[in-house]
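Here is input.txt, consisting of compact mmCIF, C-alpha atoms:
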```txt
# COMPACT_ATOMS: atom_id res chain seq x y z
CA MET A 1 241.64 204.61 39.99
CA LEU A 2 238.10 205.49 39.05
CA SER A 3 235.91 207.36 41.52
CA LYS A 4 232.16 206.96 41.30
CA GLU A 5 229.26 208.46 43.18
CA ILE A 6 225.85 207.04 44.05
CA ARG A 7 222.96 209.44 44.54
CA PHE A 8 219.20 209.27 44.64
CA THR A 9 216.42 211.65 45.45
CA TYR A 10 213.29 211.03 47.46
CA ASP A 11 210.14 212.91 48.27
CA GLU A 12 209.25 213.91 51.81
CA PHE A 13 205.73 214.80 52.89
CA ASN A 14 205.26 216.44 56.28
CA SER A 15 201.50 216.02 56.35
CA PHE A 16 199.13 213.23 55.47
CA ASP A 17 196.76 215.92 54.16
CA VAL A 18 198.89 216.51 51.05
CA LEU A 19 198.96 212.86 50.02
CA ASP A 20 196.92 211.42 47.19
CA PRO A 21 193.85 209.66 48.69
CA GLU A 22 194.99 206.36 47.15
CA ILE A 23 198.31 206.57 49.03
CA SER A 24 196.55 207.58 52.26
CA GLY A 25 194.29 204.56 51.87
CA LEU A 26 197.27 202.25 51.38
CA ILE A 27 198.91 203.69 54.50
CA ASP A 28 195.70 203.03 56.45
CA GLN A 29 195.58 199.45 55.16
CA ALA A 30 199.26 198.86 55.95
CA SER A 31 198.52 200.17 59.45
CA LEU A 32 195.68 197.65 59.84
CA ALA A 33 198.02 194.92 58.64
CA ALA A 34 200.52 195.99 61.31
CA ASP A 35 197.79 195.59 63.94
CA ASN A 36 197.58 191.91 62.96
CA ALA A 37 201.33 191.28 63.11
CA TYR A 38 202.54 188.43 65.30
CA ALA A 39 205.10 190.30 67.41
CA PRO A 40 204.81 188.97 70.98
CA TYR A 41 208.55 189.27 71.65
CA SER A 42 209.48 192.70 70.30
CA GLY A 43 206.10 194.45 70.31
CA PHE A 44 207.29 196.06 67.07
CA ARG A 45 204.51 195.58 64.54
CA VAL A 46 205.18 196.20 60.86
CA GLY A 47 202.63 196.20 58.06
CA VAL A 48 202.86 196.56 54.31
CA ALA A 49 200.43 197.15 51.50
CA ILE A 50 201.60 195.99 48.07
CA GLN A 51 199.76 197.31 45.03
CA LEU A 52 200.15 195.54 41.69
CA VAL A 53 199.97 197.29 38.32
CA ASN A 54 196.50 195.81 37.76
CA GLY A 55 195.20 197.52 40.91
CA MET A 56 195.11 194.46 43.18
CA VAL A 57 196.38 195.16 46.70
CA PHE A 58 197.78 192.67 49.21
CA TYR A 59 198.69 193.14 52.85
CA ALA A 60 201.27 191.48 55.05
CA ASN A 61 202.91 191.88 58.44
CA ASN A 62 205.89 190.66 60.39
CA GLN A 63 205.76 187.20 61.93
CA GLU A 64 208.04 186.54 64.90
CA ASN A 65 209.01 183.19 66.33
CA SER A 66 210.50 182.21 69.67
CA ALA A 67 213.24 180.38 67.76
CA TYR A 68 214.81 183.66 66.66
CA PRO A 69 215.62 184.35 63.79
CA SER A 70 212.96 182.04 62.37
CA GLY A 71 210.46 184.87 61.97
CA LEU A 72 210.11 187.01 58.88
CA CYS A 73 209.77 190.73 58.17
CA ALA A 74 206.54 192.13 56.74
CA GLU A 75 208.23 193.19 53.52
CA ARG A 76 209.43 189.68 52.69
CA VAL A 77 206.17 188.05 53.79
CA GLY A 78 204.33 190.34 51.37
CA LEU A 79 206.77 190.09 48.47
CA PHE A 80 207.05 186.31 48.66
CA PHE A 81 203.26 185.93 48.80
CA VAL A 82 202.70 188.20 45.82
CA GLN A 83 205.42 186.58 43.75
CA ALA A 84 204.26 183.07 44.59
CA ASN A 85 200.64 183.81 43.68
CA HIS A 86 200.94 186.48 40.97
CA PRO A 87 204.40 186.01 39.42
CA ASP A 88 203.47 187.63 36.11
CA ILE A 89 201.92 190.81 37.51
CA ALA A 90 204.38 193.59 38.34
CA ILE A 91 204.39 195.40 41.66
CA LEU A 92 203.57 199.10 41.34
CA ARG A 93 204.27 200.19 44.90
CA MET A 94 204.88 199.03 48.45
CA VAL A 95 203.76 201.04 51.48
CA LEU A 96 205.47 200.33 54.81
CA VAL A 97 204.48 201.36 58.35
CA ALA A 98 205.48 200.33 61.84
CA LYS A 99 203.71 200.57 65.18
CA GLN A 100 204.75 200.43 68.79
CA HIS A 101 202.29 200.44 71.68
CA GLY A 102 199.43 200.59 69.18
CA GLN A 103 200.64 203.83 67.60
CA LEU A 104 202.36 204.59 64.32
CA THR A 105 206.05 205.28 64.90
CA ASP A 106 206.96 208.97 64.90
CA GLU A 107 209.39 208.53 62.01
CA PRO A 108 209.23 206.17 59.04
CA VAL A 109 211.07 202.89 59.46
CA PHE A 110 213.40 201.53 56.82
CA PRO A 111 213.67 197.95 55.57
CA CYS A 112 216.45 195.75 56.90
CA GLY A 113 219.26 194.59 54.64
CA ALA A 114 217.66 191.23 53.86
CA CYS A 115 214.42 192.92 52.82
CA ARG A 116 216.32 195.41 50.69
CA GLN A 117 218.02 192.56 48.84
CA VAL A 118 214.67 190.83 48.23
CA MET A 119 213.22 194.12 46.95
CA VAL A 120 216.11 194.57 44.54
CA GLU A 121 215.76 191.04 43.21
CA SER A 122 211.99 191.53 42.90
CA ILE A 123 212.67 194.57 40.73
CA ASP A 124 215.16 192.57 38.67
CA ARG A 125 212.57 189.79 38.22
CA GLN A 126 209.82 192.10 37.01
CA LYS A 127 212.22 194.33 35.05
CA VAL A 128 210.52 197.51 36.22
CA PRO A 129 211.02 199.44 39.47
CA PHE A 130 208.35 199.86 42.11
CA GLU A 131 207.80 202.81 44.42
CA LEU A 132 208.53 202.46 48.11
CA TRP A 133 206.53 204.56 50.58
CA MET A 134 207.52 204.63 54.27
CA ALA A 135 205.18 206.39 56.67
CA GLY A 136 205.55 207.62 60.22
CA LYS A 137 203.43 210.11 62.18
CA ASN A 138 205.75 213.03 61.47
CA ARG A 139 206.53 212.42 57.82
CA VAL A 140 206.13 210.14 54.83
CA LEU A 141 208.94 209.31 52.42
CA ARG A 142 208.62 208.13 48.82
CA LEU A 143 211.34 206.60 46.67
CA ASP A 144 210.83 206.19 42.93
CA SER A 145 212.39 202.76 43.20
CA ALA A 146 212.96 200.49 46.18
CA ASP A 147 216.35 199.52 44.77
CA HIS A 148 217.67 202.99 45.70
CA LEU A 149 218.03 201.60 49.23
CA LEU A 150 220.58 199.01 48.08
CA PRO A 151 222.60 200.34 45.14
CA LEU A 152 225.44 197.84 45.65
CA LYS A 153 223.33 194.71 45.58
CA PHE A 154 224.43 191.11 45.90
CA LEU A 155 224.84 189.52 42.47
CA PHE A 156 225.15 185.83 41.74
```
In C-alpha cells, how does this file's structure come out?
Amino acid sequence: MLSKEIRFTYDEFNSFDVLDPEISGLIDQASLAADNAYAPYSGFRVGVAIQLVNGMVFYANNQENSAYPSGLCAERVGLFFVQANHPDIAILRMVLVAKQHGQLTDEPVFPCGACRQVMVESIDRQKVPFELWMAGKNRVLRLDSADHLLPLKFLF
C-alpha cells in the first residue's frame, strides 16, 4: 500500500482595505454581474469576473430555468463564453461573489463540483493555472490555482 497526501495553501484577507485595487475592482464588477443574474427561483445571485492575461475582463452570472436543472452556474457561463470567444488567450484569474437579498453573502461561496471540473479542464486546456478569488463580506480567499479545489479530477 502507498499512502499519499493532498495539501494546498490559500490566502485569507479579513478586510477589503488590504486588497490590491485591481482585485477590489474585480470584486465590485463581479458583484454588479451578480445583480444581473437570472435567479427568480432561488434568489441566490452569483457573479464572476474573469480576467485574461492580456488584461481583458469578462463578467457572467448564474442563469436559472424553471426546468431545473437546465440553468447554469455563473462560473461555467463565464468560462464557456471566454473559451468560445477567446480560446487562445489564457485566463489569469476568476473572482467569484454571491448575493442574497441584494447583499454580498457573509462568507465566500465555493464552486459546485461541476464548476470545479470545468475549471480544472480549463486549466488543462490553457496549460497554466489561474487564480481563484472568492469574496464574502467577512473575508476574501485566494487560491493560486482553481484546480486546488478538485485535486482528484475526472480524467477521460
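Near Asn14 of chain A, within 8 Å and counting all atoms listed in the file, sit Asn138, Arg139 and Val140 of chain A, not including residues fewer than 4 positions from it in the same chain.
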Write out the residues from the selection above, keeping C-alpha atoms, as a CSV table (one decimal), in the frame of the given file.
```csv
chain,number,residue,atom,x,y,z
A,138,ASN,CA,205.8,213.0,61.5
A,139,ARG,CA,206.5,212.4,57.8
A,140,VAL,CA,206.1,210.1,54.8
```
| query | So how far away is atom CA of Ile6 of chain A from atom CA of Val48 of chain A, in Å? | reply | 27.3 Å
| field | Nearest-residue call for Cys115 of chain A, choices A:Leu26, A:Ile89, A:Val53, A:Leu72, using only C-alpha atoms | value | A:Leu72
| Can you list, as an MDAnalysis selection string, every protein, DNA or RNA residue that comes within 10 Å of Leu155 of chain A when you count all atoms listed in the file, leaving out same-chain residues fewer than 2 positions away? | chainID A and resid 117 121 152:153
| request: Fewer than 6 positions away in the same chain doesn't count, so skip those; otherwise give me all residues within 12 Å of segment 16-22 of chain A, counting only C-alpha atoms, as a list in words. | output: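 What passes the distance filter is Asp28, Gln29, Ala49, Gln51, Gly55, Val57, Arg93, Val95, Trp133, Ala135, Gly136, Lys137, Asn138, Arg139, Val140, Leu141 and Arg142 of chain A.
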| said: Here is a test: counting all atoms listed in the file, which residue of A:Lys99, A:Phe58, A:Asp11, A:Phe81 is nearest to Val46 of chain A? | reply: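 Between A:Lys99, A:Phe58, A:Asp11, A:Phe81, the residue approaching Val46 of chain A most closely is A:Lys99.
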| message | Just checking: using only C-alpha atoms, which residue out of A:Asp106, A:Glu131, A:Asp35, A:Asp147 ends up closest to Ile91 of chain A? | response |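 The shortest atom-to-atom distance to Ile91 of chain A comes from A:Glu131.
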| Exercise: Val118 of chain A partners within 7 Å, all atoms listed in the file, chain neighbours under 4 positions left out, as an MDAnalysis selection string | chainID A and resid 76 114 122
| note | Here atom CA of Phe13 of chain A and atom CA of Pro108 of chain A stand apart by 11.2 Å
| field | Within 9 Å of Val120 of chain A using all atoms listed in the file, minus same-chain residues under 3 positions, as a PyMOL selection string | value | chain A and resi 115-117+123-125+129+146-151+153
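Across the structure, atom CA of Ala60 of chain A and atom CA of Met119 of chain A are spaced 14.7 Å apart.
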| field | Distance criterion (all atoms listed in the file): nearest to Pro111 of chain A out of A:Leu96, A:Asn85, A:Ser145, A:Ser42 | value |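 Among the listed residues, A:Leu96 lies closest to Pro111 of chain A.
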| field | Selected residue of minimal separation from Glu75 of chain A among A:Leu143, A:Leu2, A:Val97, A:Leu104, counting only C-alpha atoms | value |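 The answer is A:Val97, which sits nearest to Glu75 of chain A.
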| With all atoms listed in the file as the atoms that count, which of A:Met94, A:Leu79, A:Met1, A:Leu32 lies nearest to Phe130 of chain A? |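 Of all the options, A:Met94 lies closest to Phe130 of chain A.
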